[in-house]
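Asker: Mind having a look at this structure? Questions to follow.
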Amino acid sequence: LIDTSCKTIICGMSFESTQLFDFINLKFTTKMKASTMTNTICIHETHVLCGGKNDIKIYDKSNGKIVSKIKHKCVTGDDNVYSVIVCNNSYIHNHSPIILSSSNDNIINMWDFKTGKNIGNLNNPKQHPRSTLLNITNNSGPTELLVLYNAINDYGIDIIDIATNKYIRTLEGHTAKITCVQASNNGQLLISSSRD
């Protein structure tokens, strides 16, 4: 995960830790005690969020110290966080940032960034367990979209309007497992890769 604001790469390392790598001076800097994979890491201004087993940890990006921890419970009993993002401009919760997380159930949980309280679920009739989440802000307005895809058993890319909590459409065309989706800077294009 590249953080252009401080010229670092945030590296998620399974069974080890999460570290910041300065790609100007070519050295590791801040280290956080979170064992996670890349799709369970996100950046929110001065914080790094790491989803792991049973919780979401929020770290201070400058010193690597933990700021808060959100207990993550899953209805299936497997409480691992598979993907986590922060919605900066969401109008769904009093203009306050919210955290979205996916796990091994069919639920996308919403959390208040400041308090860590669960504030509900995001609706998606096509939701699969262990979906990877990506949020896109449209530069032409306040709309913030959620893009989600599943690398295990679905070849479509679902789009949800976060503010209205409504499913919009599914992008289809891949014939094998989707490995990555990214958005253009203006939020107008999606680029996806797949095993096809």
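FYI, nothing fancy with the structure tokens labels: chains A, B, ... in order, residues from 1 per chain, ligands from 1 as they appear.
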Within 6 Å of Ser102 (chain A), counting only C-alpha atoms, which residues qualify if same-chain residues fewer than 2 places away don't, as a PDB file with N, CA and C atoms, in the first residue's frame?
Answerer:
```pdb
ATOM      1  N   TYR A  82     -11.112  -9.486   6.937  1.00  0.00           N
ATOM      2  CA  TYR A  82     -10.495  -9.785   5.647  1.00  0.00           C
ATOM      3  C   TYR A  82     -10.122  -8.534   4.866  1.00  0.00           C
ATOM      4  N   SER A  83     -10.913  -7.463   5.034  1.00  0.00           N
ATOM      5  CA  SER A  83     -10.611  -6.216   4.338  1.00  0.00           C
ATOM      6  C   SER A  83     -11.165  -5.057   5.154  1.00  0.00           C
ATOM      7  N   ILE A 108     -21.067  -6.662   5.749  1.00  0.00           N
ATOM      8  CA  ILE A 108     -20.070  -5.599   5.764  1.00  0.00           C
ATOM      9  C   ILE A 108     -20.427  -4.700   6.943  1.00  0.00           C
TER      10      ILE A 108
END
```
Asker: Please provide the set of residues having any atom within 7 Å of Asn109 (chain A), restricted to only C-alpha atoms, with same-chain residues fewer than 2 positions apart removed, written as a list in words.
Answerer: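 Result of the neighbour search: Leu100, Ser101, Ser102, Ile107, Trp111, Gly120, Asn121 and Leu122 of chain A.
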Asker: Give me, as a ChimeraX atom specification, all polymer residues having an atom no more than 7 Å from Val181 (chain A), counting only C-alpha atoms and skipping those fewer than 3 positions away in the same chain.
Answerer: /A:190-193
Asker: Can I get the selection written as an mmCIF file, in the first residue's frame, with N, CA, C and O atoms?
Answerer:
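selection-v3.cif, written as the output of this step:
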```
data_model
loop_
_atom_site.group_PDB
_atom_site.id
_atom_site.type_symbol
_atom_site.label_atom_id
_atom_site.label_comp_id
_atom_site.auth_asym_id
_atom_site.auth_seq_id
_atom_site.Cartn_x
_atom_site.Cartn_y
_atom_site.Cartn_z
ATOM 1 N N LEU A 190 -12.318 2.146 -13.417
ATOM 2 C CA LEU A 190 -11.814 1.045 -12.612
ATOM 3 C C LEU A 190 -10.928 0.175 -13.485
ATOM 4 O O LEU A 190 -11.229 -0.055 -14.658
ATOM 5 N N ILE A 191 -9.844 -0.292 -12.916
ATOM 6 C CA ILE A 191 -8.947 -1.199 -13.621
ATOM 7 C C ILE A 191 -8.907 -2.486 -12.822
ATOM 8 O O ILE A 191 -8.619 -2.470 -11.617
ATOM 9 N N SER A 192 -9.197 -3.599 -13.458
ATOM 10 C CA SER A 192 -9.247 -4.870 -12.738
ATOM 11 C C SER A 192 -8.357 -5.904 -13.415
ATOM 12 O O SER A 192 -8.180 -5.901 -14.634
ATOM 13 N N SER A 193 -7.794 -6.775 -12.594
ATOM 14 C CA SER A 193 -7.003 -7.894 -13.121
ATOM 15 C C SER A 193 -7.627 -9.191 -12.618
ATOM 16 O O SER A 193 -8.294 -9.221 -11.589
#
```
Asker: Please provide the set of residues having any atom within 6 Å of Pro97 (chain A), restricted to only C-alpha atoms, with same-chain residues fewer than 6 positions apart removed, written as a list in words.
Answerer: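 The filter keeps Cys87, Asn88 and Phe113 of chain A.
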Asker: Write the residues of the selection above to a file with all heavy atoms, as an mmCIF file, in the first residue's frame.
Answerer:
```cif
data_model
loop_
_atom_site.group_PDB
_atom_site.id
_atom_site.type_symbol
_atom_site.label_atom_id
_atom_site.label_comp_id
_atom_site.auth_asym_id
_atom_site.auth_seq_id
_atom_site.Cartn_x
_atom_site.Cartn_y
_atom_site.Cartn_z
ATOM 1 N N CYS A 87 -14.142 5.543 5.040
ATOM 2 C CA CYS A 87 -14.856 6.449 4.152
ATOM 3 C C CYS A 87 -14.743 7.853 4.731
ATOM 4 O O CYS A 87 -15.292 8.142 5.795
ATOM 5 C CB CYS A 87 -16.322 6.041 4.039
ATOM 6 S SG CYS A 87 -16.514 4.378 3.388
ATOM 7 N N ASN A 88 -14.037 8.710 4.038
ATOM 8 C CA ASN A 88 -13.745 10.045 4.558
ATOM 9 C C ASN A 88 -14.911 11.008 4.443
ATOM 10 O O ASN A 88 -15.136 11.830 5.323
ATOM 11 C CB ASN A 88 -12.550 10.645 3.810
ATOM 12 C CG ASN A 88 -11.295 9.829 4.013
ATOM 13 O OD1 ASN A 88 -10.970 9.475 5.121
ATOM 14 N ND2 ASN A 88 -10.601 9.521 2.926
ATOM 15 N N PHE A 113 -15.500 5.846 13.331
ATOM 16 C CA PHE A 113 -14.041 5.935 13.412
ATOM 17 C C PHE A 113 -13.572 6.457 14.771
ATOM 18 O O PHE A 113 -12.570 6.007 15.308
ATOM 19 C CB PHE A 113 -13.508 6.835 12.297
ATOM 20 C CG PHE A 113 -12.003 6.914 12.245
ATOM 21 C CD1 PHE A 113 -11.273 5.987 11.525
ATOM 22 C CD2 PHE A 113 -11.318 7.906 12.926
ATOM 23 C CE1 PHE A 113 -9.894 6.040 11.480
ATOM 24 C CE2 PHE A 113 -9.939 7.981 12.894
ATOM 25 C CZ PHE A 113 -9.229 7.040 12.162
#
```
Asker: Check chain A with DSSP on the backbone and list each residue it calls strand (DSSP E), as JSON, numbers by chain.
Answerer: {"A": [2, 3, 8, 9, 10, 11, 12, 18, 19, 20, 21, 22, 27, 28, 29, 30, 31, 32, 41, 42, 43, 44, 47, 48, 49, 50, 51, 55, 56, 57, 58, 59, 60, 66, 67, 68, 69, 70, 71, 83, 84, 85, 86, 87, 98, 99, 100, 101, 102, 108, 109, 110, 111, 112, 118, 119, 120, 121, 122, 132, 133, 134, 135, 136, 137, 144, 145, 146, 147, 148, 149, 157, 158, 159, 160, 161, 166, 167, 168, 169, 170, 171, 178, 179, 180, 181, 182, 183, 190, 191, 192, 193, 194]}
Asker: Which residue gives the smallest distance to Leu49 (chain A) among A:Ser68, A:Ser194, A:Thr175, A:Asn118, with only C-alpha atoms counted?
Answerer: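 Of A:Ser68, A:Ser194, A:Thr175, A:Asn118, the one nearest Leu49 (chain A) is A:Ser68, counting only C-alpha atoms.
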Asker: Which residue gives the smallest distance to Ile41 (chain A) among A:Lys7, A:Ile2, A:Asn63, A:Asp22, with only C-alpha atoms counted?
Answerer: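 Using only C-alpha atoms, the shortest distance to Ile41 (chain A) belongs to A:Ile2.
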Asker: Could you tell me which of A:Glu172, A:Asp154, A:Ile136, A:Leu148 comes closest to Asn186 (chain A) if we count only C-alpha atoms?
Answerer: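 Among A:Glu172, A:Asp154, A:Ile136, A:Leu148, it is A:Ile136 that comes nearest to Asn186 (chain A).
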Asker: Report the distance between CA of Lys177 (chain A) and CA of Ile159 (chain A) in Å, rounded to one decimal place.
Answerer: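 Calculated distance between CA of Lys177 (chain A) and CA of Ile159 (chain A) is 17.3 Å.
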Asker: Could you tell me how far CA of Thr132 (chain A) sits from CA of Tyr155 (chain A), in Å to one decimal place?
Answerer: 12.6 Å
Asker: Could you please determine the separation between CA of Gln19 (chain A) and CA of Val48 (chain A) in Å, to one decimal place?
Answerer: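 Taking CA of Gln19 (chain A) and CA of Val48 (chain A), their separation equals 10.3 Å.
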Asker: Nearest residue to Asp196 (chain A) out of A:Cys11, A:Ile178, A:Ile99, A:Ala183, using only C-alpha atoms?
Answerer: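 Once distances to Asp196 (chain A) are computed over only C-alpha atoms, the minimum belongs to A:Ile178.
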